[in-house]
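Enquirer: So that we are looking at the same thing, I have put the structure below in structure tokens.
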There are 2 protein chains.
Amino acid sequence: MIDLQRSREEIDKIDAKMVELFEQRMKISQNVAEYKINTGKPVLDREREKQKLDSVEKLARTEYNGQAVRELFSQIMSMSRKLQYTMMNYNQASEFHKITEIPKNNETKIVYFGTKGSYSEQAMEEYFGTDITSFGASSFYEVMSKVSNGEADYGVLPIENTTTGGITDIYDLLVEFDNYIVAEQVLKVDQALLSLSGTNLSEIRTVYSHPQGILQSRKFLEQYPNIKTVEFGSTAGCAKKVLEDGDKTQAAIASIRAASTYGLEVLASNINYEEVNSTRFIIITKQRQFCEGSNKMSICFTLPHESGSLYNMLSHIIFNNLNMSKIESRPIPGKKFEYRFFVDFDGCIEEASVINTLRGIEAEALDIKILGNYIGVDL
Amino acid sequence: MIDLQRSREEIDKIDAKMVELFEQRMKISQNVAEYKINTGKPVLDREREKQKLDSVEKLARTEYNGQAVRELFSQIMSMSRKLQYTMMNYNQASEFHKITEIPKNNETKIVYFGTKGSYSEQAMEEYFGTDITSFGASSFYEVMSKVSNGEADYGVLPIENTTTGGITDIYDLLVEFDNYIVAEQVLKVDQALLSLSGTNLSEIRTVYSHPQGILQSRKFLEQYPNIKTVEFGSTAGCAKKVLEDGDKTQAAIASIRAASTYGLEVLASNINYEEVNSTRFIIITKQRQFCEGSNKMSICFTLPHESGSLYNMLSHIIFNNLNMSKIESRPIPGKKFEYRFFVDFDGCIEEASVINTLRGIEAEALDIKILGNYIGVDL
């Protein structure tokens, strides 16, 4: 049986010595870094770091400890680099200009996804109010284009749903277009079954909706095995179709709002199977701007596909004490071994911790784009 | 000016001392762990670790070093835990049974997504050949159900596309159903514009396709601003619609294979804008099985939404020298501060490094599910 108390005291003594050695090491490597920066040499010397890791690994007496020591020194060198980055300039953040708030009046032109009665239109009105100039666009791509070519000042697009997906396309478009996220709006989504007035649920043979509407209402639809489901355009577009076709055997899954827009009857409401069914919408603009009080950063960066590279990248976020709320990786078309990562974390682009994080990622990733800095809203 | 050579020698001396102290520390904490395991105490004592981190942080002389020391010791303690986990049992991996190969004969019942001529059917035939019994299902959910209730032995579903998305729904269904991935198949997707025979491109007014087909062919469609695009079912379903409607102003974006299935004419081929447009399909089954030579693991786990928790989880993968090829986070409906992560990494469930990784994640995550172990194919 070991003496727990004595073991802990021994560990405390070792730790005190390790902290002292660590601080000595940081001081020396800091001097080396200053020398490097003054003579224009890069901070990260991968070859030298690899040699160092090989040599410390050999010092350890067991294979497990060798691996552990390797990871430990990889961390230690990464910490030296992070301190060194704080001495360097960083321009990308300063290209973003602070505004008090987004203008919300009838001179503000806004494009939303879908037709009248769509969830995006509803999200737009909840954010901007109704004293605005707005129009719908039939695809995510078209929303992005209209903002990019100046036909609209702002665009409204769905980006995340608690029950299903739909995120990935939008993120790809954010990389393709020079647009930025300036705000987000969360909408509780209640799907309803809509039909021509005077129709009975038993008469319905075909239900039209966007794939998301069908998926979210799956458990409701399972009770009616004789009803055929057809994926078709946006949810509001399906409501419009039911009105225009004038066929009593048709119904649409869409919002209560779409029912009133197109004069349809609500056969069943709240048919989505998750009680909490919310969608997050983003508000995009061509300007690099952020509002006062912004507390959420969205970035994307590209990494070589190798063990540890993402881990090192995330260490910049963790080390600066920033909380990460989302991460996603996508393969890059045509480049088998490179991955693009989309990461959200808490913070404002004015803060030193955020600037240090961005600087560190920029120095070590293949590329980085700031997708936006805005006020985060919980789903 | 500093002496670079001398600075490096000093660092080498410090490093040798640090390695020695680290090994002493590992030895003592190992004894503590053995004692804990023998007396049935948990390996991870969050409260004790927090106290330790607070006390070492105070030993450092600068704020930056305090933060760095905190991270360093968080790592050191994590390494002790990883070694301790290797002493513990792990059952989840042993529930997966090794098979030589998946049976590919006419007694194998397979369900694929979509109708005849769909990309999923094509992926199925490339994997299983044609000497099989197969049928289509109209939704991802239906494919999962048919496998789960035994109507089919295997199911084929798209899970990732190099140009667009579609992944998230499938991953959610993998959590919902007790099905597992046993194989994957990659298909090069060439979208084509299909119409009734004897039609001219100039006559086309409406193009039908799955949202993915429209998105992938966006740049082609931009050349024809008078053509209206309508999202409708699967790509093969759209080809079927064009045939059935018999309307010469309609066309579908679908595969060349769908053209021959429905006797349509190819108006334009290879209209997807990314030259490399591949889709990854998964083959699922109800059995917990993996084929000989499996080298890719898919898992999902749930974490509290707090700084560093994902980073700690990934350290299990990195520390065991496993390469991570995909990561994705999703908010969990109704649980604001918990996130579910989907991670793919290289390895076979029989290997010690994989078992150690799974054991470590299981001990520190809120929950973990092994989604499958199979032979990976590059996109």
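For the structure tokens, the naming scheme is as follows: chains receive sequential letters (A, B, ...) according to their order of presentation, residues are indexed from 1 within each chain, and ligands are indexed from 1 in presentation order.
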Range 183-191 of chain A: which residues within 8 Å, counting only C-alpha atoms, same-chain residues fewer than 6 positions away excluded, as JSON, numbers by chain?
Expert: {"A": [119, 123, 126, 127, 213, 216, 217, 253, 254, 255, 256, 269, 270, 271, 272, 276, 277, 278, 279, 280, 281, 282, 283, 284, 373, 374, 375, 376, 377, 378, 379]}
Enquirer: If DSSP is run on the backbone, what residues of range 38-263 of chain B are strand (DSSP E or B)? A reply as a VMD selection string would be ideal.
Expert: chain B and resid 97 to 99 109 to 113 133 to 137 154 to 161 180 to 188 192 to 195 206 to 209 228 to 232 250 to 254
Enquirer: Among range 176-313 of chain A, which residues carry a DSSP assignment of helix (DSSP H, G or I), reported as a PyMOL selection string?
Expert: chain A and resi 176+201-203+211-216+218-221+235-245+256-261+309-313
Enquirer: What is the CA of Ala258 in chain A to CA of Asn105 in chain A distance in Å?
Expert: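 It comes out at 24.4 Å.
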Enquirer: What lies within 9 Å of Ser197 in chain B using only C-alpha atoms, ignoring chain neighbours under 3 positions off, as a ChimeraX atom specification?
Expert: /B:194,200,248,263-266
Enquirer: Taking 3 positions as the minimum chain separation for residues in the same chain, which residues sit within 8 Å of Ala60 in chain A when counting only C-alpha atoms? Answer as a list in words.
Expert: Val56, Glu57, Glu63, Asn65, Gly66 and Val69 of chain A; Val19, Glu20 and Glu23 of chain B
Enquirer: Applying 10 Å and only C-alpha atoms, which residues near Tyr154 in chain A remain after dropping the ones on its own chain fewer than 5 positions away? List them as a ChimeraX atom specification.
Expert: /A:102,108-112,124,134,143-144,146-148,179-182,282-287
Enquirer: Using the selection just defined, write its residues with C-alpha atoms as an mmCIF file, in the first residue's frame.
Expert:
data_model
loop_
_atom_site.group_PDB
_atom_site.id
_atom_site.type_symbol
_atom_site.label_atom_id
_atom_site.label_comp_id
_atom_site.auth_asym_id
_atom_site.auth_seq_id
_atom_site.Cartn_x
_atom_site.Cartn_y
_atom_site.Cartn_z
ATOM 1 C CA ILE A 102 -27.173 47.942 -38.626
ATOM 2 C CA THR A 108 -32.115 49.365 -46.300
ATOM 3 C CA LYS A 109 -32.442 46.865 -49.162
ATOM 4 C CA ILE A 110 -32.591 43.251 -48.023
ATOM 5 C CA VAL A 111 -32.755 39.985 -49.931
ATOM 6 C CA TYR A 112 -34.086 36.866 -48.183
ATOM 7 C CA MET A 124 -35.680 39.119 -41.573
ATOM 8 C CA SER A 134 -37.024 43.613 -49.325
ATOM 9 C CA VAL A 143 -29.001 35.649 -52.111
ATOM 10 C CA MET A 144 -25.178 35.721 -51.983
ATOM 11 C CA LYS A 146 -27.455 39.986 -54.872
ATOM 12 C CA VAL A 147 -25.483 41.080 -51.802
ATOM 13 C CA SER A 148 -22.190 40.783 -53.620
ATOM 14 C CA ASN A 179 -19.522 38.531 -48.013
ATOM 15 C CA TYR A 180 -19.410 38.567 -44.214
ATOM 16 C CA ILE A 181 -21.765 37.658 -41.382
ATOM 17 C CA VAL A 182 -22.832 40.764 -39.387
ATOM 18 C CA ILE A 282 -27.365 34.760 -40.668
ATOM 19 C CA ILE A 283 -27.428 38.308 -41.922
ATOM 20 C CA ILE A 284 -24.674 38.925 -44.439
ATOM 21 C CA THR A 285 -23.186 42.012 -46.033
ATOM 22 C CA LYS A 286 -20.419 42.929 -48.413
ATOM 23 C CA GLN A 287 -18.780 45.288 -45.892
#
Enquirer: Determine the nearest neighbour of Ser145 in chain B from the options B:Leu310, B:Leu173, B:Ile204, B:Ala251, counting only C-alpha atoms.
Expert: B:Leu173
Enquirer: Could you check which of A:Glu47, A:Asp178, A:Asp247, A:Glu328 is closest to chain B, using only C-alpha atoms?
Expert: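 Counting only C-alpha atoms, the residue closest to chain B is A:Glu328.
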Enquirer: Quick check, in Å to one decimal: how far apart do CA of Glu306 in chain A and CA of Ala352 in chain A lie?
Expert: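 Straight-line distance from CA of Glu306 in chain A to CA of Ala352 in chain A works out to 29.2 Å.
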Enquirer: Kindly indicate which residue among B:Leu201, B:Leu303, B:Ala239, B:Val32 lies nearest to chain A, using only C-alpha atoms for the distances.
Expert: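 Closest to chain A, using only C-alpha atoms: B:Val32.
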Enquirer: Near Tyr35 in chain A, counting only C-alpha atoms, which residues have an atom at most 12 Å away, once you skip same-chain residues fewer than 2 positions from it, shown as a PDB file with N, CA and C atoms, in the first residue's frame?
Expert:
ATOM      1  N   ILE A  28      14.832  31.973 -22.369  1.00  0.00           N
ATOM      2  CA  ILE A  28      15.861  31.786 -23.406  1.00  0.00           C
ATOM      3  C   ILE A  28      15.236  31.744 -24.802  1.00  0.00           C
ATOM      4  N   SER A  29      14.160  30.965 -24.935  1.00  0.00           N
ATOM      5  CA  SER A  29      13.586  30.834 -26.279  1.00  0.00           C
ATOM      6  C   SER A  29      12.968  32.155 -26.738  1.00  0.00           C
ATOM      7  N   GLN A  30      12.570  32.978 -25.758  1.00  0.00           N
ATOM      8  CA  GLN A  30      12.060  34.293 -26.102  1.00  0.00           C
ATOM      9  C   GLN A  30      13.160  35.155 -26.725  1.00  0.00           C
ATOM     10  N   ASN A  31      14.349  35.063 -26.136  1.00  0.00           N
ATOM     11  CA  ASN A  31      15.489  35.814 -26.692  1.00  0.00           C
ATOM     12  C   ASN A  31      15.809  35.337 -28.107  1.00  0.00           C
ATOM     13  N   VAL A  32      15.738  34.023 -28.299  1.00  0.00           N
ATOM     14  CA  VAL A  32      15.986  33.466 -29.636  1.00  0.00           C
ATOM     15  C   VAL A  32      14.955  34.020 -30.626  1.00  0.00           C
ATOM     16  N   ALA A  33      13.696  34.079 -30.163  1.00  0.00           N
ATOM     17  CA  ALA A  33      12.620  34.546 -31.044  1.00  0.00           C
ATOM     18  C   ALA A  33      12.820  36.002 -31.437  1.00  0.00           C
ATOM     19  N   ILE A  37      12.966  37.379 -35.128  1.00  0.00           N
ATOM     20  CA  ILE A  37      12.066  38.387 -35.687  1.00  0.00           C
ATOM     21  C   ILE A  37      12.870  39.582 -36.210  1.00  0.00           C
ATOM     22  N   ASN A  38      13.911  40.005 -35.433  1.00  0.00           N
ATOM     23  CA  ASN A  38      14.741  41.142 -35.859  1.00  0.00           C
ATOM     24  C   ASN A  38      15.537  40.849 -37.129  1.00  0.00           C
ATOM     25  N   THR A  39      15.896  39.582 -37.312  1.00  0.00           N
ATOM     26  CA  THR A  39      16.668  39.246 -38.507  1.00  0.00           C
ATOM     27  C   THR A  39      15.774  38.686 -39.619  1.00  0.00           C
ATOM     28  N   GLY A  40      14.440  38.808 -39.426  1.00  0.00           N
ATOM     29  CA  GLY A  40      13.503  38.433 -40.493  1.00  0.00           C
ATOM     30  C   GLY A  40      13.340  36.942 -40.713  1.00  0.00           C
ATOM     31  N   LYS A  41      13.757  36.135 -39.719  1.00  0.00           N
ATOM     32  CA  LYS A  41      13.579  34.689 -39.873  1.00  0.00           C
ATOM     33  C   LYS A  41      12.196  34.261 -39.384  1.00  0.00           C
ATOM     34  N   PRO A  42      11.610  33.186 -39.957  1.00  0.00           N
ATOM     35  CA  PRO A  42      10.283  32.766 -39.495  1.00  0.00           C
ATOM     36  C   PRO A  42      10.333  32.205 -38.079  1.00  0.00           C
ATOM     37  N   VAL A  43       9.252  32.411 -37.324  1.00  0.00           N
ATOM     38  CA  VAL A  43       9.179  31.938 -35.939  1.00  0.00           C
ATOM     39  C   VAL A  43       9.118  30.412 -35.893  1.00  0.00           C
ATOM     40  N   GLN A  84       5.619  34.504 -28.961  1.00  0.00           N
ATOM     41  CA  GLN A  84       6.322  35.230 -30.026  1.00  0.00           C
ATOM     42  C   GLN A  84       5.352  35.927 -30.993  1.00  0.00           C
ATOM     43  N   MET A  87       4.314  39.502 -30.527  1.00  0.00           N
ATOM     44  CA  MET A  87       5.228  40.590 -30.910  1.00  0.00           C
ATOM     45  C   MET A  87       5.061  41.005 -32.371  1.00  0.00           C
TER      46      MET A  87
ATOM     47  N   MET B   1      23.297  41.258 -29.276  1.00  0.00           N
ATOM     48  CA  MET B   1      23.099  40.040 -30.099  1.00  0.00           C
ATOM     49  C   MET B   1      23.303  38.787 -29.232  1.00  0.00           C
ATOM     50  N   ILE B   2      22.416  37.821 -29.304  1.00  0.00           N
ATOM     51  CA  ILE B   2      22.563  36.611 -28.507  1.00  0.00           C
ATOM     52  C   ILE B   2      23.400  35.574 -29.249  1.00  0.00           C
ATOM     53  N   ASP B   3      23.931  34.624 -28.477  1.00  0.00           N
ATOM     54  CA  ASP B   3      24.687  33.524 -29.067  1.00  0.00           C
ATOM     55  C   ASP B   3      23.718  32.357 -29.284  1.00  0.00           C
ATOM     56  N   LEU B   4      23.310  32.166 -30.533  1.00  0.00           N
ATOM     57  CA  LEU B   4      22.298  31.150 -30.850  1.00  0.00           C
ATOM     58  C   LEU B   4      22.717  29.757 -30.396  1.00  0.00           C
ATOM     59  N   SER B   7      22.544  29.428 -26.640  1.00  0.00           N
ATOM     60  CA  SER B   7      21.146  29.389 -26.190  1.00  0.00           C
ATOM     61  C   SER B   7      20.576  27.993 -26.384  1.00  0.00           C
TER      62      SER B   7
END
Enquirer: Tell me which of A:Leu193, A:Val175, A:Met18, A:Ala365 sits closest to Phe301 in chain A, counting only C-alpha atoms.
Expert: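 Among the listed residues, the smallest separation from Phe301 in chain A belongs to A:Ala365.
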Enquirer: Can you work out which one of A:Gly150, A:Leu72, A:Met79, A:Ser118 has the shortest atom-to-atom distance to Leu44 in chain A, counting only C-alpha atoms?
Expert: A:Met79
Enquirer: Between B:Ser353, B:Pro103, B:Ala259, B:Val343, single out the one closest to Asp131 in chain B, counting only C-alpha atoms.
Expert: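 Using only C-alpha atoms, Asp131 in chain B sits closest to B:Pro103.
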